[in-house]
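What follows is the content of final-v4.cif, which has mmCIF, C-alpha atoms:
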```cif
data_coords
#
loop_
_atom_site.group_PDB
_atom_site.id
_atom_site.type_symbol
_atom_site.label_atom_id
_atom_site.label_comp_id
_atom_site.auth_asym_id
_atom_site.auth_seq_id
_atom_site.Cartn_x
_atom_site.Cartn_y
_atom_site.Cartn_z
ATOM 1 C CA MET I 4 93.406 -74.425 -205.810
ATOM 2 C CA PHE I 5 90.030 -73.378 -207.074
ATOM 3 C CA VAL I 6 88.625 -70.624 -209.253
ATOM 4 C CA VAL I 7 85.251 -68.906 -208.900
ATOM 5 C CA ILE I 8 84.213 -66.766 -211.860
ATOM 6 C CA ARG I 9 80.907 -64.938 -211.789
ATOM 7 C CA PHE I 10 78.893 -63.520 -214.672
ATOM 8 C CA ARG I 11 75.892 -61.202 -214.826
ATOM 9 C CA VAL I 12 73.647 -62.452 -217.656
ATOM 10 C CA GLY I 13 70.059 -61.430 -218.336
ATOM 11 C CA GLN I 14 67.636 -64.335 -218.299
ATOM 12 C CA ALA I 15 66.834 -63.955 -221.994
ATOM 13 C CA GLY I 16 70.510 -64.352 -222.892
ATOM 14 C CA GLN I 17 71.206 -67.274 -220.588
ATOM 15 C CA PRO I 18 70.489 -70.183 -222.975
ATOM 16 C CA ALA I 19 73.097 -68.978 -225.488
ATOM 17 C CA PHE I 20 75.503 -68.017 -222.707
ATOM 18 C CA VAL I 21 75.225 -71.473 -221.081
ATOM 19 C CA GLU I 22 76.084 -73.109 -224.436
ATOM 20 C CA ARG I 23 79.228 -70.950 -224.636
ATOM 21 C CA LEU I 24 80.004 -71.713 -220.990
ATOM 22 C CA GLU I 25 79.734 -75.463 -221.584
ATOM 23 C CA ALA I 26 82.041 -75.194 -224.612
ATOM 24 C CA ALA I 27 84.569 -73.247 -222.531
ATOM 25 C CA VAL I 28 84.479 -75.825 -219.737
ATOM 26 C CA GLU I 29 84.895 -78.650 -222.235
ATOM 27 C CA VAL I 30 88.066 -77.159 -223.736
ATOM 28 C CA LEU I 31 89.446 -76.219 -220.316
ATOM 29 C CA SER I 32 88.770 -79.729 -219.002
ATOM 30 C CA ARG I 33 91.257 -81.087 -221.549
ATOM 31 C CA GLN I 34 94.097 -79.014 -220.116
ATOM 32 C CA LYS I 35 96.818 -80.471 -217.892
ATOM 33 C CA GLY I 36 96.095 -79.929 -214.195
ATOM 34 C CA PHE I 37 92.314 -79.645 -214.531
ATOM 35 C CA VAL I 38 90.453 -81.466 -211.751
ATOM 36 C CA ALA I 39 86.752 -80.527 -211.918
ATOM 37 C CA ALA I 40 84.245 -77.829 -212.842
ATOM 38 C CA ARG I 41 80.684 -76.930 -212.033
ATOM 39 C CA THR I 42 78.369 -74.164 -213.113
ATOM 40 C CA GLY I 43 75.413 -72.666 -211.344
ATOM 41 C CA ARG I 44 72.804 -69.941 -211.030
ATOM 42 C CA ASN I 45 72.491 -67.902 -207.855
ATOM 43 C CA ALA I 46 69.395 -68.890 -205.860
ATOM 44 C CA ASP I 47 68.578 -65.292 -204.907
ATOM 45 C CA ASP I 48 69.674 -63.450 -208.053
ATOM 46 C CA PRO I 49 68.817 -65.478 -211.190
ATOM 47 C CA GLU I 50 70.926 -63.221 -213.421
ATOM 48 C CA LEU I 51 74.100 -64.149 -211.509
ATOM 49 C CA LEU I 52 75.832 -67.239 -212.908
ATOM 50 C CA ALA I 53 79.030 -68.852 -211.663
ATOM 51 C CA LEU I 54 81.726 -71.133 -212.955
ATOM 52 C CA SER I 55 83.774 -72.934 -210.315
ATOM 53 C CA MET I 56 86.839 -74.933 -211.333
ATOM 54 C CA GLU I 57 89.416 -76.902 -209.421
ATOM 55 C CA TRP I 58 93.016 -77.137 -210.612
ATOM 56 C CA VAL I 59 96.088 -78.950 -209.315
ATOM 57 C CA ASN I 60 97.797 -75.578 -208.746
ATOM 58 C CA ILE I 61 97.757 -71.947 -209.857
ATOM 59 C CA GLY I 62 100.396 -72.611 -212.513
ATOM 60 C CA SER I 63 98.212 -75.263 -214.133
ATOM 61 C CA TYR I 64 95.288 -72.853 -214.272
ATOM 62 C CA ARG I 65 97.336 -70.013 -215.731
ATOM 63 C CA ARG I 66 99.015 -72.270 -218.307
ATOM 64 C CA ALA I 67 95.612 -73.682 -219.269
ATOM 65 C CA LEU I 68 94.580 -70.252 -220.545
ATOM 66 C CA SER I 69 97.391 -70.169 -223.140
ATOM 67 C CA PRO I 70 96.569 -72.826 -225.779
ATOM 68 C CA TYR I 71 95.022 -71.601 -229.003
ATOM 69 C CA GLU I 72 91.787 -73.593 -228.611
ATOM 70 C CA VAL I 73 91.289 -72.121 -225.115
ATOM 71 C CA LYS I 74 91.857 -68.623 -226.452
ATOM 72 C CA LEU I 75 89.119 -69.256 -229.010
ATOM 73 C CA ALA I 76 86.523 -71.045 -226.856
ATOM 74 C CA ALA I 77 87.095 -69.852 -223.296
ATOM 75 C CA VAL I 78 88.994 -66.577 -223.066
ATOM 76 C CA PRO I 79 86.336 -64.439 -224.814
ATOM 77 C CA LEU I 80 83.699 -65.781 -222.428
ATOM 78 C CA LEU I 81 85.938 -65.366 -219.372
ATOM 79 C CA SER I 82 86.549 -61.747 -220.372
ATOM 80 C CA GLU I 83 82.822 -61.125 -219.764
ATOM 81 C CA ALA I 84 83.166 -62.074 -216.091
ATOM 82 C CA ILE I 85 82.556 -59.695 -213.229
ATOM 83 C CA ASP I 86 85.859 -57.938 -212.561
ATOM 84 C CA GLU I 87 86.980 -59.432 -209.250
ATOM 85 C CA PRO I 88 89.709 -61.768 -208.003
ATOM 86 C CA SER I 89 88.858 -65.346 -208.932
ATOM 87 C CA ALA I 90 91.698 -67.690 -207.876
ATOM 88 C CA TYR I 91 91.721 -69.125 -204.347
ATOM 89 C CA ASP I 92 94.047 -71.368 -202.386
ATOM 90 C CA ASP I 93 92.275 -74.221 -200.632
ATOM 91 C CA LEU I 94 92.595 -73.480 -196.913
ATOM 92 C CA SER I 95 92.161 -77.134 -196.035
ATOM 93 C CA GLU I 96 95.655 -77.720 -197.453
ATOM 94 C CA PHE I 97 97.027 -75.564 -194.631
ATOM 95 C CA SER I 98 94.857 -76.993 -191.868
ATOM 96 C CA PRO I 99 96.692 -78.931 -189.148
ATOM 97 C CA HIS I 100 93.480 -80.968 -188.590
ATOM 98 C CA ARG I 101 93.555 -82.494 -192.013
#
```

Go through the file and emit its structure as structure tokens.
Amino acid sequence: MFVVIRFRVGQAGQPAFVERLEAAVEVLSRQKGFVAARTGRNADDPELLALSMEWVNIGSYRRALSPYEVKLAAVPLLSEAIDEPSAYDDLSEFSPHR
């Protein structure tokens, strides 16, 4: 499964925000079930940033948000995300052509 979390951050605040984002990804990457992460800036709207993560399953992702160090480094940042659904099942897992 994968997660897409978007943030609206003014360009002046982006350097500090990216530092916090990198710290959050680092602590999340140490959690069981983490597969990969990438961050990016929207090509058409430079104030729109995204964090995309891949996890073994939804349970791994949800459990990864519980440890104390994650609550300190990642949860405050994630609470600044645009309020929208963020967890997705990978449709290729259901494809008969796989």

### Message
Applying the PyMOL selection byres ((chain I and resi 67) around 10) to the file I just gave you, which residues come out? Please list them as JSON, numbers by chain.
### Response
{"I": [30, 31, 32, 33, 34, 35, 36, 37, 58, 61, 62, 63, 64, 65, 66, 68, 69, 70, 71, 73, 74]}

Take the PyMOL selection byres ((chain I and resi 56) around 12), run it mentally on this structure, and tell me the resulting residues as an mmCIF file with C-alpha atoms, keeping the file's coordinate frame.
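out-v4.cif, freshly written:
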```cif
data_model
loop_
_atom_site.group_PDB
_atom_site.id
_atom_site.type_symbol
_atom_site.label_atom_id
_atom_site.label_comp_id
_atom_site.auth_asym_id
_atom_site.auth_seq_id
_atom_site.Cartn_x
_atom_site.Cartn_y
_atom_site.Cartn_z
ATOM 1 C CA MET I 4 93.406 -74.425 -205.810
ATOM 2 C CA PHE I 5 90.030 -73.378 -207.074
ATOM 3 C CA VAL I 6 88.625 -70.624 -209.253
ATOM 4 C CA VAL I 7 85.251 -68.906 -208.900
ATOM 5 C CA ILE I 8 84.213 -66.766 -211.860
ATOM 6 C CA ARG I 9 80.907 -64.938 -211.789
ATOM 7 C CA ALA I 27 84.569 -73.247 -222.531
ATOM 8 C CA VAL I 28 84.479 -75.825 -219.737
ATOM 9 C CA GLU I 29 84.895 -78.650 -222.235
ATOM 10 C CA LEU I 31 89.446 -76.219 -220.316
ATOM 11 C CA SER I 32 88.770 -79.729 -219.002
ATOM 12 C CA GLY I 36 96.095 -79.929 -214.195
ATOM 13 C CA PHE I 37 92.314 -79.645 -214.531
ATOM 14 C CA VAL I 38 90.453 -81.466 -211.751
ATOM 15 C CA ALA I 39 86.752 -80.527 -211.918
ATOM 16 C CA ALA I 40 84.245 -77.829 -212.842
ATOM 17 C CA ARG I 41 80.684 -76.930 -212.033
ATOM 18 C CA THR I 42 78.369 -74.164 -213.113
ATOM 19 C CA GLY I 43 75.413 -72.666 -211.344
ATOM 20 C CA ALA I 53 79.030 -68.852 -211.663
ATOM 21 C CA LEU I 54 81.726 -71.133 -212.955
ATOM 22 C CA SER I 55 83.774 -72.934 -210.315
ATOM 23 C CA GLU I 57 89.416 -76.902 -209.421
ATOM 24 C CA TRP I 58 93.016 -77.137 -210.612
ATOM 25 C CA VAL I 59 96.088 -78.950 -209.315
ATOM 26 C CA ASN I 60 97.797 -75.578 -208.746
ATOM 27 C CA ILE I 61 97.757 -71.947 -209.857
ATOM 28 C CA SER I 63 98.212 -75.263 -214.133
ATOM 29 C CA TYR I 64 95.288 -72.853 -214.272
ATOM 30 C CA ALA I 67 95.612 -73.682 -219.269
ATOM 31 C CA SER I 89 88.858 -65.346 -208.932
ATOM 32 C CA ALA I 90 91.698 -67.690 -207.876
ATOM 33 C CA TYR I 91 91.721 -69.125 -204.347
#
```

### Long-range neighbours of Gly13 of chain I as a VMD selection string, 9 Å cut-off, all atoms listed in the file, 5 positions minimum in chain
chain I and resid 49 to 51

### Query
Interatomic distance between atom CA of Ala77 of chain I and atom CA of Glu96 of chain I?
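About the pair atom CA of Ala77 of chain I and atom CA of Glu96 of chain I: they are 28.3 Å apart.
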
#### Entry: Atomic separation - atom CA of Leu80 of chain I relative to atom CA of Ala19 of chain I, Å
11.5 Å

#### Entry: Nearest residue to Glu72 of chain I from the set I:Gly16, I:Ala26, I:Arg44, I:Asp93 (distances using all atoms listed in the file)
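Selected residue with least distance to Glu72 of chain I: I:Ala26.
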
### Query
How many Å separate atom CA of Ala76 of chain I from atom CA of Asp47 of chain I?
28.9 Å

#### Entry: Using all atoms listed in the file: which of I:Ala46, I:Ile85, I:Glu25, I:Leu75 has the shortest distance to Phe10 of chain I
I:Ile85
